[in-house]
Every structure is written in C-alpha cells, then in structure tokens.
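Peer 1: One file: run.txt (compact mmCIF, C-alpha atoms).
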```txt
# COMPACT_ATOMS: atom_id res chain seq x y z
CA MET Y 170 0.00 0.00 0.00
CA VAL Y 171 1.36 3.36 -1.02
CA ASP Y 172 1.24 6.14 1.50
CA PRO Y 173 -0.98 8.81 -0.12
CA THR Y 174 1.08 11.60 1.40
CA ARG Y 175 3.98 10.39 -0.72
CA CYS Y 176 1.87 10.88 -3.84
CA GLY Y 177 1.31 14.49 -2.79
CA GLU Y 178 5.02 14.96 -2.28
CA VAL Y 179 5.85 13.99 -5.83
CA ALA Y 180 2.88 15.69 -7.51
CA ASP Y 181 4.80 18.79 -8.60
CA ALA Y 182 7.73 16.77 -9.83
CA LEU Y 183 5.37 14.37 -11.58
CA ALA Y 184 4.05 17.24 -13.70
CA GLU Y 185 7.58 18.19 -14.67
CA VAL Y 186 8.41 14.61 -15.58
CA ALA Y 187 5.35 14.73 -17.85
CA THR Y 188 6.57 17.89 -19.57
CA GLY Y 189 10.06 16.43 -19.92
CA ALA Y 190 11.65 19.25 -17.94
CA ALA Y 191 12.26 17.58 -14.55
CA SER Y 192 15.76 17.79 -13.13
CA GLY Y 193 17.70 14.57 -12.65
CA PRO Y 194 17.07 14.26 -8.90
CA ASP Y 195 13.35 15.02 -9.31
CA ARG Y 196 13.08 12.46 -12.09
CA ALA Y 197 14.80 9.82 -9.96
CA ARG Y 198 12.53 10.59 -7.02
CA VAL Y 199 9.42 10.28 -9.15
CA LEU Y 200 10.55 7.07 -10.81
CA ALA Y 201 11.30 5.51 -7.45
CA HIS Y 202 7.79 6.37 -6.32
CA LEU Y 203 6.17 5.11 -9.54
CA ALA Y 204 7.63 1.69 -9.01
CA ASP Y 205 5.17 1.16 -6.17
CA CYS Y 206 2.30 3.42 -7.19
CA PRO Y 207 0.01 2.44 -10.07
CA ASP Y 208 -2.17 5.52 -9.47
CA CYS Y 209 0.73 7.88 -10.10
CA ARG Y 210 1.84 5.83 -13.11
CA ARG Y 211 -1.60 6.38 -14.59
CA GLU Y 212 -1.49 10.04 -13.64
CA LEU Y 213 1.89 10.43 -15.32
CA GLU Y 214 0.65 8.73 -18.45
CA GLU Y 215 -2.32 11.06 -18.72
CA LEU Y 216 -0.32 14.21 -17.98
CA THR Y 217 2.29 13.16 -20.51
CA ARG Y 218 -0.37 12.88 -23.20
CA VAL Y 219 -1.55 16.39 -22.35
CA ALA Y 220 1.99 17.79 -22.35
CA ASP Y 221 2.76 16.13 -25.68
CA GLU Y 222 -0.38 17.62 -27.18
CA VAL Y 223 0.82 21.07 -26.13
CA LEU Y 224 3.59 20.70 -28.72
CA LEU Y 225 0.95 20.95 -31.43
CA VAL Y 226 0.50 24.67 -30.84
CA ALA Y 227 3.71 25.51 -32.68
CA PRO Y 228 2.77 26.90 -36.10
CA GLU Y 229 3.84 25.07 -39.22
CA HIS Y 230 6.63 26.46 -41.37
CA ASP Y 231 7.95 25.12 -44.63
CA PRO Y 232 11.61 24.24 -44.26
CA PRO Y 233 14.11 25.54 -46.81
CA ALA Y 234 14.18 23.91 -50.24
CA GLY Y 235 16.19 20.72 -50.27
CA PHE Y 236 15.35 19.83 -46.69
CA GLU Y 237 13.80 16.50 -47.51
CA GLY Y 238 16.75 15.46 -49.66
CA ALA Y 239 19.18 16.55 -46.96
CA VAL Y 240 17.47 14.30 -44.41
CA LEU Y 241 17.56 11.37 -46.80
CA ALA Y 242 21.19 12.03 -47.63
CA ARG Y 243 22.09 11.89 -43.93
CA ILE Y 244 20.23 8.64 -43.53
CA ALA Y 245 21.83 7.24 -46.65
CA ALA Y 246 25.23 8.15 -45.21
CA LEU Y 247 24.35 6.45 -41.92
CA THR Y 248 23.11 3.39 -43.73
CA ALA Y 249 26.26 3.22 -45.80
CA ASP Y 250 28.21 3.09 -42.55
CA GLU Y 251 26.38 0.04 -41.28
CA PRO Y 252 28.50 -3.12 -41.20
CA GLU Y 253 26.53 -5.02 -43.80
CA ALA Y 254 26.80 -2.23 -46.31
CA PRO Y 255 29.90 -1.92 -48.44
CA ARG Y 256 31.82 1.05 -47.16
CA ALA Y 257 33.89 3.51 -49.06
CA ALA Y 258 37.25 4.40 -47.60
CA GLU Y 259 36.71 8.05 -48.39
CA HIS Y 260 33.40 8.28 -46.67
CA PRO Y 261 33.48 9.92 -43.25
CA SER Y 262 31.91 7.99 -40.45
CA GLU Y 263 29.13 9.69 -38.58
CA PRO Y 264 28.93 9.25 -34.84
CA ASP Y 265 25.82 7.49 -33.64
CA GLU Y 266 24.81 10.38 -31.46
CA PRO Y 267 26.66 13.45 -32.63
CA ALA Y 268 27.55 15.81 -29.83
CA ASP Y 269 27.16 18.75 -32.14
CA LEU Y 270 24.93 18.71 -35.16
CA PRO Y 271 26.46 19.04 -38.60
CA PRO Y 272 25.50 22.11 -40.57
CA ALA Y 273 22.26 21.77 -42.50
CA ALA Y 274 22.57 20.23 -45.94
CA GLU Y 275 26.29 19.80 -45.56
CA PRO Y 276 27.51 17.27 -48.08
CA PRO Y 277 28.70 14.06 -46.46
CA ASP Y 278 31.70 14.15 -48.72
CA ALA Y 279 32.66 14.86 -52.27
CA VAL Y 280 32.50 11.15 -53.00
CA VAL Y 281 29.84 8.77 -51.77
CA THR Y 282 29.94 5.14 -52.83
CA PRO Y 283 28.15 2.80 -52.76
CA LEU Y 284 24.90 2.71 -50.83
CA ARG Y 285 23.05 -0.41 -49.84
CA PRO Y 286 21.58 -1.27 -53.24
CA ASN Y 287 18.06 -2.50 -52.75
CA ARG Y 288 17.07 -0.38 -49.83
CA TRP Y 289 18.44 2.85 -51.15
CA ARG Y 290 18.08 2.65 -54.85
CA ARG Y 291 15.47 5.37 -54.99
CA VAL Y 292 17.15 7.55 -52.45
CA LEU Y 293 20.33 8.23 -54.32
CA PRO Y 294 18.89 10.76 -56.75
CA TYR Y 295 17.41 12.90 -54.03
CA ALA Y 296 20.38 12.35 -51.81
CA ALA Y 297 22.35 13.70 -54.72
CA ALA Y 298 20.01 16.64 -54.84
CA ALA Y 299 20.67 17.47 -51.23
CA VAL Y 300 24.39 17.03 -51.48
CA ILE Y 301 24.78 19.11 -54.56
CA ALA Y 302 22.34 21.73 -53.36
CA GLY Y 303 24.47 22.01 -50.24
CA LEU Y 304 27.65 22.74 -52.11
CA GLY Y 305 28.78 26.30 -52.02
CA GLY Y 306 29.56 27.25 -55.59
CA ALA Y 307 29.75 26.22 -59.17
CA GLY Y 308 32.26 23.71 -60.35
CA VAL Y 309 32.03 21.39 -57.37
CA VAL Y 310 31.59 17.76 -58.29
CA TRP Y 311 29.63 15.13 -56.48
CA GLN Y 312 30.05 11.55 -57.58
CA ALA Y 313 28.34 8.34 -56.73
CA THR Y 314 28.41 4.83 -58.02
CA SER Y 315 25.93 2.06 -57.54
CA ASP Y 316 25.57 -1.50 -58.62
CA ASP Y 317 21.83 -1.26 -58.71
CA ARG Y 318 20.47 -1.38 -62.19
CA ASP Y 319 17.21 0.13 -61.08
CA LEU Y 320 18.82 3.22 -59.66
CA ALA Y 321 18.07 5.32 -62.68
CA ALA Y 322 14.42 4.35 -62.65
CA GLY Y 323 14.03 6.40 -59.52
CA TYR Y 324 13.68 9.69 -61.30
CA ARG Y 325 9.90 9.63 -61.52
CA GLU Y 326 9.65 8.90 -57.84
CA THR Y 327 12.15 11.64 -57.26
CA LEU Y 328 9.89 14.10 -58.99
CA ASP Y 329 6.91 12.85 -57.06
CA VAL Y 330 8.66 12.90 -53.73
CA ALA Y 331 10.12 16.31 -54.28
CA ASN Y 332 6.71 17.80 -54.99
CA GLY Y 333 7.95 19.10 -58.28
CA ARG Y 334 10.78 21.17 -56.85
CA TYR Y 335 13.10 19.42 -59.27
CA PHE Y 336 12.88 21.24 -62.48
CA HIS Y 337 13.45 18.48 -64.95
CA ALA Y 338 14.47 14.91 -65.55
CA ALA Y 339 15.14 13.26 -68.90
CA PRO Y 340 16.40 9.95 -70.27
CA LEU Y 341 19.97 9.51 -71.46
CA LEU Y 342 20.03 7.69 -74.79
CA ASP Y 343 22.73 6.01 -76.85
CA ASP Y 344 23.14 6.46 -80.62
CA ALA Y 345 20.50 3.83 -81.29
CA GLY Y 346 17.97 5.56 -79.08
CA THR Y 347 18.18 3.01 -76.28
CA GLN Y 348 17.89 4.42 -72.80
CA VAL Y 349 21.03 3.91 -70.71
CA GLY Y 350 20.39 6.33 -67.84
CA HIS Y 351 18.82 9.55 -66.65
CA VAL Y 352 19.71 13.15 -66.08
CA PHE Y 353 18.25 15.27 -63.29
CA LEU Y 354 18.34 19.05 -63.34
CA TYR Y 355 17.53 21.35 -60.48
CA GLN Y 356 16.97 25.07 -60.60
CA GLY Y 357 18.08 26.59 -57.34
CA GLU Y 358 20.88 28.21 -55.40
CA PRO Y 359 23.01 26.70 -56.75
CA SER Y 360 21.51 24.92 -59.71
CA TRP Y 361 22.86 21.52 -60.54
CA VAL Y 362 22.86 18.66 -63.01
CA PHE Y 363 23.19 15.03 -62.03
CA THR Y 364 23.50 12.02 -64.33
CA VAL Y 365 22.93 8.37 -63.60
CA LEU Y 366 23.99 5.49 -65.87
CA GLY Y 367 22.59 1.98 -65.54
CA ASP Y 368 24.46 -1.24 -66.07
CA THR Y 369 23.78 -1.26 -69.80
CA ALA Y 370 26.13 1.67 -70.25
CA ALA Y 371 29.61 0.86 -71.46
CA PRO Y 372 32.19 0.92 -68.65
CA GLY Y 373 34.74 3.68 -68.84
CA THR Y 374 35.41 7.30 -67.94
CA TYR Y 375 32.76 9.87 -68.84
CA GLU Y 376 32.70 13.63 -68.93
CA VAL Y 377 29.42 15.31 -68.06
CA SER Y 378 29.00 18.09 -70.62
CA VAL Y 379 26.23 20.67 -70.34
CA VAL Y 380 25.34 22.30 -73.65
CA THR Y 381 23.67 25.68 -74.03
CA GLU Y 382 23.50 28.00 -77.03
CA ASP Y 383 26.68 29.56 -75.72
CA GLY Y 384 28.58 26.29 -75.99
CA ALA Y 385 29.51 23.24 -73.94
CA GLN Y 386 30.78 23.17 -70.37
CA THR Y 387 32.20 20.09 -68.63
CA ILE Y 388 30.96 19.97 -65.05
CA ALA Y 389 32.19 16.55 -63.90
CA ASP Y 390 33.89 13.37 -64.97
CA TYR Y 391 33.61 9.95 -63.48
CA GLU Y 392 34.37 6.28 -63.82
CA VAL Y 393 31.52 3.97 -64.66
CA GLY Y 394 31.94 0.29 -63.89
CA SER Y 395 29.91 -2.65 -65.12
CA ALA Y 396 27.25 -1.85 -62.53
CA GLY Y 397 26.71 1.74 -63.68
CA GLY Y 398 27.16 4.88 -61.63
CA GLY Y 399 26.34 8.54 -61.36
CA ALA Y 400 27.86 12.00 -61.08
CA GLY Y 401 27.03 15.62 -61.48
CA GLY Y 402 27.88 19.10 -60.40
CA THR Y 403 26.68 22.61 -59.90
CA VAL Y 404 26.20 24.91 -62.87
CA ASP Y 405 26.20 28.67 -63.28
CA THR Y 406 23.77 28.61 -66.13
CA ASN Y 407 20.01 28.79 -65.87
CA ILE Y 408 18.60 25.28 -66.10
CA TYR Y 409 16.01 26.51 -68.59
CA GLU Y 410 18.81 27.42 -71.00
CA ILE Y 411 20.36 23.95 -71.11
CA GLU Y 412 19.65 22.35 -74.46
CA ARG Y 413 21.41 19.04 -73.98
CA VAL Y 414 23.49 17.04 -71.55
CA ASP Y 415 26.13 14.77 -73.05
CA LEU Y 416 28.07 12.03 -71.37
CA ILE Y 417 31.24 11.74 -73.42
CA GLY Y 418 33.09 8.48 -72.91
CA SER Y 419 36.84 8.14 -73.15
CA ASP Y 420 36.45 5.46 -75.78
CA GLY Y 421 34.30 7.62 -78.02
CA VAL Y 422 30.86 6.54 -76.77
CA THR Y 423 28.49 9.44 -76.23
CA TYR Y 424 25.13 9.38 -74.49
CA THR Y 425 22.77 12.30 -74.81
CA ALA Y 426 19.76 13.71 -73.02
CA GLU Y 427 17.84 16.22 -75.12
CA LEU Y 428 16.20 18.93 -73.07
CA SER Y 429 15.19 21.58 -75.55
CA SER Y 430 11.80 19.98 -76.16
CA MET Z 112 -0.90 5.47 -46.01
CA SER Z 113 -1.10 5.93 -42.24
CA ASP Z 114 1.75 7.25 -40.14
CA GLU Z 115 1.86 3.91 -38.37
CA ALA Z 116 2.33 2.08 -41.66
CA LEU Z 117 5.06 4.51 -42.69
CA LEU Z 118 6.85 4.03 -39.38
CA ALA Z 119 6.63 0.27 -39.79
CA GLY Z 120 8.15 0.69 -43.24
CA MET Z 121 10.90 2.89 -41.84
CA ALA Z 122 11.67 0.31 -39.18
CA ALA Z 123 12.14 -2.19 -42.00
CA GLY Z 124 14.47 0.18 -43.83
CA ASP Z 125 12.06 1.38 -46.51
CA ALA Z 126 13.43 4.59 -47.97
CA ASP Z 127 10.19 5.45 -49.74
CA ALA Z 128 8.34 5.28 -46.43
CA MET Z 129 10.92 7.61 -44.91
CA ALA Z 130 10.58 10.06 -47.78
CA ALA Z 131 6.80 10.09 -47.42
CA PHE Z 132 7.07 10.53 -43.65
CA VAL Z 133 9.42 13.48 -44.04
CA ARG Z 134 7.22 15.06 -46.65
CA ARG Z 135 4.14 14.71 -44.48
CA HIS Z 136 5.63 16.09 -41.27
CA GLN Z 137 8.45 18.43 -42.26
CA GLY Z 138 6.35 21.57 -41.88
CA ARG Z 139 5.32 20.91 -38.31
CA VAL Z 140 8.73 19.56 -37.30
CA TYR Z 141 10.56 22.55 -38.74
CA GLY Z 142 7.90 24.86 -37.31
CA LEU Z 143 8.33 23.46 -33.83
CA ALA Z 144 12.12 23.58 -34.09
CA LEU Z 145 11.94 27.19 -35.24
CA SER Z 146 9.64 28.12 -32.36
CA VAL Z 147 12.17 26.74 -29.87
CA VAL Z 148 15.54 27.81 -31.30
CA GLY Z 149 14.40 30.87 -33.25
CA VAL Z 150 17.13 30.73 -35.90
CA PRO Z 151 16.17 29.20 -39.28
CA ALA Z 152 19.56 27.56 -39.97
CA VAL Z 153 19.67 26.03 -36.50
CA ALA Z 154 16.03 24.97 -36.77
CA GLU Z 155 16.89 23.16 -39.97
CA GLU Z 156 19.70 21.28 -38.20
CA VAL Z 157 17.31 20.37 -35.42
CA ALA Z 158 14.57 19.23 -37.79
CA GLN Z 159 17.00 17.12 -39.79
CA GLU Z 160 18.34 15.48 -36.65
CA ALA Z 161 14.79 14.82 -35.43
CA PHE Z 162 13.98 12.90 -38.59
CA VAL Z 163 17.24 10.98 -38.41
CA ARG Z 164 16.39 9.95 -34.86
CA ALA Z 165 12.86 9.02 -35.94
CA TRP Z 166 14.41 6.78 -38.57
CA ARG Z 167 16.70 5.19 -36.00
CA HIS Z 168 13.98 4.64 -33.46
CA ALA Z 169 11.01 3.89 -35.72
CA GLY Z 170 11.05 0.30 -34.48
CA ASN Z 171 10.45 1.52 -30.93
CA TYR Z 172 7.37 3.55 -31.79
CA ASP Z 173 4.31 2.31 -29.92
CA ALA Z 174 1.00 3.49 -31.35
CA ARG Z 175 -0.75 2.69 -28.06
CA ARG Z 176 1.25 5.31 -26.23
CA ALA Z 177 1.19 8.26 -28.60
CA GLN Z 178 0.17 9.46 -32.02
CA ALA Z 179 2.99 9.36 -34.50
CA SER Z 180 2.89 13.14 -34.91
CA THR Z 181 3.23 13.85 -31.19
CA TRP Z 182 5.92 11.15 -30.90
CA LEU Z 183 7.86 12.90 -33.64
CA LEU Z 184 7.31 16.31 -32.07
CA THR Z 185 8.62 15.16 -28.70
CA ILE Z 186 11.76 13.95 -30.45
CA THR Z 187 12.03 17.34 -32.16
CA ARG Z 188 11.52 19.20 -28.90
CA ASN Z 189 14.19 17.11 -27.18
CA VAL Z 190 16.72 17.77 -29.95
CA ALA Z 191 15.89 21.48 -29.91
CA ILE Z 192 16.33 21.74 -26.15
CA ASP Z 193 19.65 19.90 -26.36
CA VAL Z 194 20.80 22.40 -28.95
CA LEU Z 195 19.59 25.36 -26.89
CA ARG Z 196 21.66 24.17 -23.96
CA VAL Z 197 24.82 23.68 -26.02
CA ARG Z 198 24.71 26.51 -28.52
CA ARG Z 199 25.53 29.76 -26.82
CA ASP Z 200 25.00 31.67 -30.05
CA VAL Z 201 21.29 30.85 -30.00
CA VAL Z 202 19.47 33.42 -27.94
CA VAL Z 203 15.74 33.11 -27.50
CA GLU Z 204 13.24 34.82 -25.27
CA PRO Z 205 11.03 31.92 -24.16
CA ALA Z 206 8.31 33.98 -22.50
CA VAL Z 207 7.84 36.08 -25.62
CA VAL Z 208 7.68 32.97 -27.79
CA ALA Z 209 5.24 31.34 -25.38
CA GLU Z 210 2.99 34.36 -25.74
CA MET Z 211 3.22 34.16 -29.52
CA LEU Z 212 2.45 30.44 -29.58
CA ILE Z 213 -1.09 30.97 -28.38
CA SER Z 214 -1.59 34.30 -30.09
CA THR Z 215 -4.36 34.48 -32.67
CA THR Z 216 -1.89 35.90 -35.18
CA ASN Z 217 -0.54 32.38 -35.72
CA ASP Z 218 -3.92 30.82 -36.39
CA SER Z 219 -3.49 30.63 -40.15
CA ASP Z 220 -0.35 28.49 -39.75
CA ARG Z 221 -1.66 26.08 -37.16
CA VAL Z 222 -1.60 22.36 -37.77
CA ALA Z 223 -4.97 20.74 -38.33
CA ASP Z 224 -5.18 18.91 -35.03
CA SER Z 225 -4.12 21.78 -32.77
CA ASP Z 226 -7.50 23.44 -32.28
CA ARG Z 227 -8.39 21.69 -29.03
CA ILE Z 228 -5.13 22.35 -27.27
CA THR Z 229 -4.88 25.92 -28.51
CA THR Z 230 -8.38 26.70 -27.25
CA ALA Z 231 -7.62 25.04 -23.94
CA LEU Z 232 -4.37 26.96 -23.46
CA ARG Z 233 -6.13 30.24 -24.16
CA ALA Z 234 -8.76 29.38 -21.56
CA LEU Z 235 -6.10 28.97 -18.85
CA PRO Z 236 -5.00 31.85 -16.66
CA ARG Z 237 -2.20 33.41 -18.70
CA GLU Z 238 0.51 32.76 -16.10
CA GLN Z 239 -0.36 29.05 -16.03
CA ALA Z 240 -0.37 28.78 -19.80
CA THR Z 241 3.02 30.48 -19.92
CA ALA Z 242 4.46 28.18 -17.25
CA VAL Z 243 3.23 25.08 -19.11
CA LEU Z 244 4.63 26.32 -22.42
CA LEU Z 245 7.98 27.22 -20.88
CA SER Z 246 8.16 23.77 -19.36
CA VAL Z 247 6.94 21.79 -22.38
CA HIS Z 248 8.44 23.74 -25.25
CA PHE Z 249 11.65 24.98 -23.74
CA GLY Z 250 12.32 22.31 -21.15
CA LEU Z 251 12.70 24.89 -18.41
CA THR Z 252 12.55 23.47 -14.91
CA ALA Z 253 10.34 25.03 -12.28
CA ARG Z 254 13.44 26.59 -10.76
CA GLU Z 255 14.42 28.14 -14.09
CA ILE Z 256 10.87 29.37 -14.67
CA GLY Z 257 10.84 30.88 -11.19
CA GLU Z 258 14.06 32.76 -11.89
CA HIS Z 259 12.89 33.76 -15.32
CA GLN Z 260 9.50 35.01 -14.19
CA GLN Z 261 10.80 36.30 -10.85
CA ILE Z 262 8.37 34.20 -8.86
CA PRO Z 263 8.99 31.81 -5.94
CA LEU Z 264 9.89 28.22 -6.83
CA GLY Z 265 6.72 26.88 -5.21
CA THR Z 266 4.59 29.22 -7.32
CA ALA Z 267 6.29 28.08 -10.51
CA LYS Z 268 5.71 24.44 -9.59
CA THR Z 269 2.07 25.08 -8.82
CA ARG Z 270 1.50 26.91 -12.10
CA ILE Z 271 2.91 23.99 -14.11
CA ARG Z 272 1.02 21.33 -12.19
CA THR Z 273 -2.28 23.23 -12.03
CA GLY Z 274 -2.01 24.31 -15.64
CA LEU Z 275 -1.48 20.75 -16.85
CA ALA Z 276 -4.30 19.42 -14.68
CA ARG Z 277 -6.71 22.04 -16.01
CA LEU Z 278 -5.68 21.32 -19.56
CA ARG Z 279 -6.37 17.66 -18.99
CA ALA Z 280 -9.80 18.42 -17.62
CA MET Z 281 -10.64 20.67 -20.56
CA LEU Z 282 -9.39 18.16 -23.11
CA GLU Z 283 -11.42 15.39 -21.47
CA VAL Z 284 -14.53 17.54 -21.71
CA SER Z 285 -13.88 18.40 -25.34
CA HIS Z 286 -13.38 14.69 -26.04
CA GLY Z 287 -16.98 14.33 -24.96
```
Mind turning the file's structure into structure tokens?

Peer 2:
Amino acid sequence: MVDPTRCGEVADALAEVATGAASGPDRARVLAHLADCPDCRRELEELTRVADEVLLVAPEHDPPAGFEGAVLARIAALTADEPEAPRAAEHPSEPDEPADLPPAAEPPDAVVTPLRPNRWRRVLPYAAAAVIAGLGGAGVVWQATSDDRDLAAGYRETLDVANGRYFHAAPLLDDAGTQVGHVFLYQGEPSWVFTVLGDTAAPGTYEVSVVTEDGAQTIADYEVGSAGGGAGGTVDTNIYEIERVDLIGSDGVTYTAELSS
Amino acid sequence: MSDEALLAGMAAGDADAMAAFVRRHQGRVYGLALSVVGVPAVAEEVAQEAFVRAWRHAGNYDARRAQASTWLLTITRNVAIDVLRVRRDVVVEPAVVAEMLISTTNDSDRVADSDRITTALRALPREQATAVLLSVHFGLTAREIGEHQQIPLGTAKTRIRTGLARLRAMLEVSHG
C-alpha cells in the first residue's frame, strides 16, 4: 500500500516529468515512487499525453528547399556506414549520437559510394540533390556509383517525392535511341545537373557536358563500372537554358539527353 | 498510407516510407524547431536530426502510447532543447515565444489537429499557460521558470502542475 502523502510529495515533480523538464534528482525521485504506485503511473501517463499535445501549438513552417533530400542524404550516409553495407574508404563515419549537429545540408563528402543497393536505390537521386544543393559554388563535383540497375528508374519517384521542386528529368540515350540512364536538373541556389547510368552503359570514364547555345561546359567526370554509376555538379547557367546534356566516354561513346523539347 | 504504416516501413528500412514521412511532417517539425531555437539555420539542423532519430527509433514507436505526430514532435523538442543548452550563439526569449504560440496571429499556420489544445491553453490563466509552455516547449525546470518570471519556486511548480491538470480536464470535456 502506497502512503498517499507520498503521492502528494511527488505531484509537482510528476508534472515536470510529464513535460520532460524535470531535473535529474526530481526524475529519480518520481521514478522511485512510480515503481510502487500504479495511481501515479496512470497520472503520469495522462499528464504526458496532455503535455505532448501542447507541442501541437507551434505553427507550421515550410523548411528551406532541399530539406527532404538533406534528411535522406544523412540517412543514406548512416546506412552506408552500417557493417553489412559496403563502405567507401573516403566516406566519413558519422557518430551514432553526434555531440554537435552538422550544418544543414552539408555534403557528407565529395565522394559517396556505394549505398546499400536495394534499400536505397530510390534515395540516391534525391540524396544527390541534397548534397549538390548544399555545395557552395559552381564547379564542385559530387560523384556516386551504384551496382543497382534500377537506380536510374528512380527519377519519376524523385519528382513525385520532391513535390515538383526538381525542375526536370530526362532519359539519357545512346546512338540507337536506347535508354542507358537519366539526367536530373535542379533550378536553385546553386543549380545543378546530375547524371545516372545503368548497367547497360559501357564501362569507362565519362565527362558530363552541359550544352547551351553559348557552348559546352564540362561539369564533372567519373568512372563507370559494369554496374553503372552517377555523377554531377553545380552549374552557373540557368537550367532553362540547357539544351542538352552529353556524357562523353573516353572510348568515343556518347550518351545524350535532349532537353530543348 | 497511415503514419503507423510509414513508421513500420521505416523500421524495415524502406526509404520510400521515410521520404513520405518526411514530406508529411516536415512543416510541423521545422515549425516546432523554429519556435524553440528561433534561428532558421539552427532549426533546420534540429529538424534534420529529429527525422534521423525518428528513422533510427522507428522500431520503438508504440501506437498505443502516442500518435505518430506527437511522438515525432517530442523527439524534435528534445533535440531542440539539447541544442539550446549547447549553442551559446542561440538566444531566445522563451516567455515572448510562449505568448506568440497561443496568439491568434498564428492561427493561419496552425496544424490541423491543434484546435483543441490551442483553445484550452487560451482558456487557462495566462501565467499558467506560460508556465506550461515554458516547461513543455523549452524544457525549463520550475526553478528556471521561477528565476525567469521572478516568482517563488513553489509558485512556478504550482503553475505547471495546475495548468497541466486544467488542460487535462478541458481536453477530457472536449473529447466528450
């Protein structure tokens, strides 16, 4: 039998445990009491529900553009660090509980490779969006590789998930008109272009060339293995002005995404 | 798809579920973070970290104990309070924010399910509503609220406890 006077003694502290603000000693005192007092356990449960509901009064605000991709990029980076996932030597490890939070939308690294294929195949494009959007200026290159042949098929989902913030996506075709990958283009600060090649693309080194009426500009180059890969970079030009994106292979193969239509 | 289904998907490592969950809740998570830390860039850090923690702990979510949205908001609040205590460059005026939180000027931005609690908070004596908000939103202890509001510790404790109890009574009534 619990002495009811003890319930009265912890009543104030109980309220603060419910709000989450109780000091360590108060919390310990309350928890010790709860062990023997079902009435106060019930009271705490009810007060906690009320306190949690109070959090709903905060008004909604849209986060900055790229927020969603930045979250997914962080999770992709965490997932890539898990033991069962292949881990890139260049990729920085992230502490399980960081003492200080990393800056928003900070790129995990200039090179990220490879993510857990099945689980993350659709994440990579919008992870790329976040990473590139987080880079400071033009000319910075972000590169990723993946052995998932379905990676490129994620662009439609990317558009859906991003609520149309991504300006454009288009197929990359070979000379015969066969689709070998996708290009994603984002109009923002900065704007960026990202290409993904599937495993039907010829292995080799590719330059990512962005073509406008003013000429061609190489924004990235990357190695593509038998499993495909992806890379891109920020661009100074307005995305609307890009007529074509070419992937120019070292062995003469060129893949093209037409954007002018 | 329900929040519960999305959380189950997240617990199983489903990236699409995570993307949908973020899309659905990012406004209220960022909004809460902003109301606590006051600085957009810091609020973005907080909101990102909250979602990362939700991803990590999705398997621990228990629908019997809380709605997914309030579960997520408590995570957000905890991250925001941690940041407030570490980051000396973040300066907020909790009492002013508490006043704003229940002000009618914010009504157009309120989340859909906040009507009951907003009405109940406005029906409380103002000093009790403020004490509850300082405790819940900013994690201030009764001692800190007492110092902040220049009131005795016992008064601060009573305002929190009485305020919460009255809110509970009002919410029970509005539940019907």

Peer 1: Might you pull out every residue within 6 Å of segment 232-242 of chain Z, with all atoms listed in the file counted and same-chain residues fewer than 6 positions away left off, and present them as a list in words?

Peer 2: Ala209, Arg270, Ile271 and Gly274 of chain Z

Peer 1: Please provide the set of residues having any atom within 8 Å of Val140 of chain Z, restricted to only C-alpha atoms, with same-chain residues fewer than 4 positions apart removed, written as a PyMOL selection string.

Peer 2: (chain Y and resi 229) or (chain Z and resi 136+144+158+161+183-184+187)

Peer 1: Might you pull out every residue within 12 Å of Thr215 of chain Z, with all atoms listed in the file counted and same-chain residues fewer than 6 positions away left off, and present them as a list in words?

Peer 2: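 Listed by chain and then number, they are Val226 and Pro228 of chain Y; Arg221, Asp226, Thr229, Thr230, Leu232 and Arg233 of chain Z.
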
Peer 1: I'd like the interatomic distance between atom CA of Leu216 of chain Y and atom CA of Ala191 of chain Y, to a tenth of an Å.

Peer 2: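 Distance between the two atoms: 13.5 Å.
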
Peer 1: Show me, as a PyMOL selection string, the residues that have an atom within 9 Å of Ala267 of chain Z when counting all atoms listed in the file, minus same-chain residues fewer than 3 positions from it.

Peer 2: chain Z and resi 239+242+252-257+260+262-264+270-272

Peer 1: In Å to one decimal, how far is atom CA of Ala169 of chain Z from atom CA of Ala123 of chain Z?

Peer 2: 8.8 Å

Peer 1: Between Z:Ile192, Z:Gly142, Z:Ser246, Z:Trp166, single out the one closest to Leu275 of chain Z, counting all atoms listed in the file.

Peer 2: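 Looking at the shortest contact to Leu275 of chain Z, the residue is Z:Ser246.
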
Peer 1: One decimal, Å: what's the distance from atom CA of Glu214 of chain Y over to atom CA of Asp114 of chain Z, could you say?

Peer 2: 21.8 Å
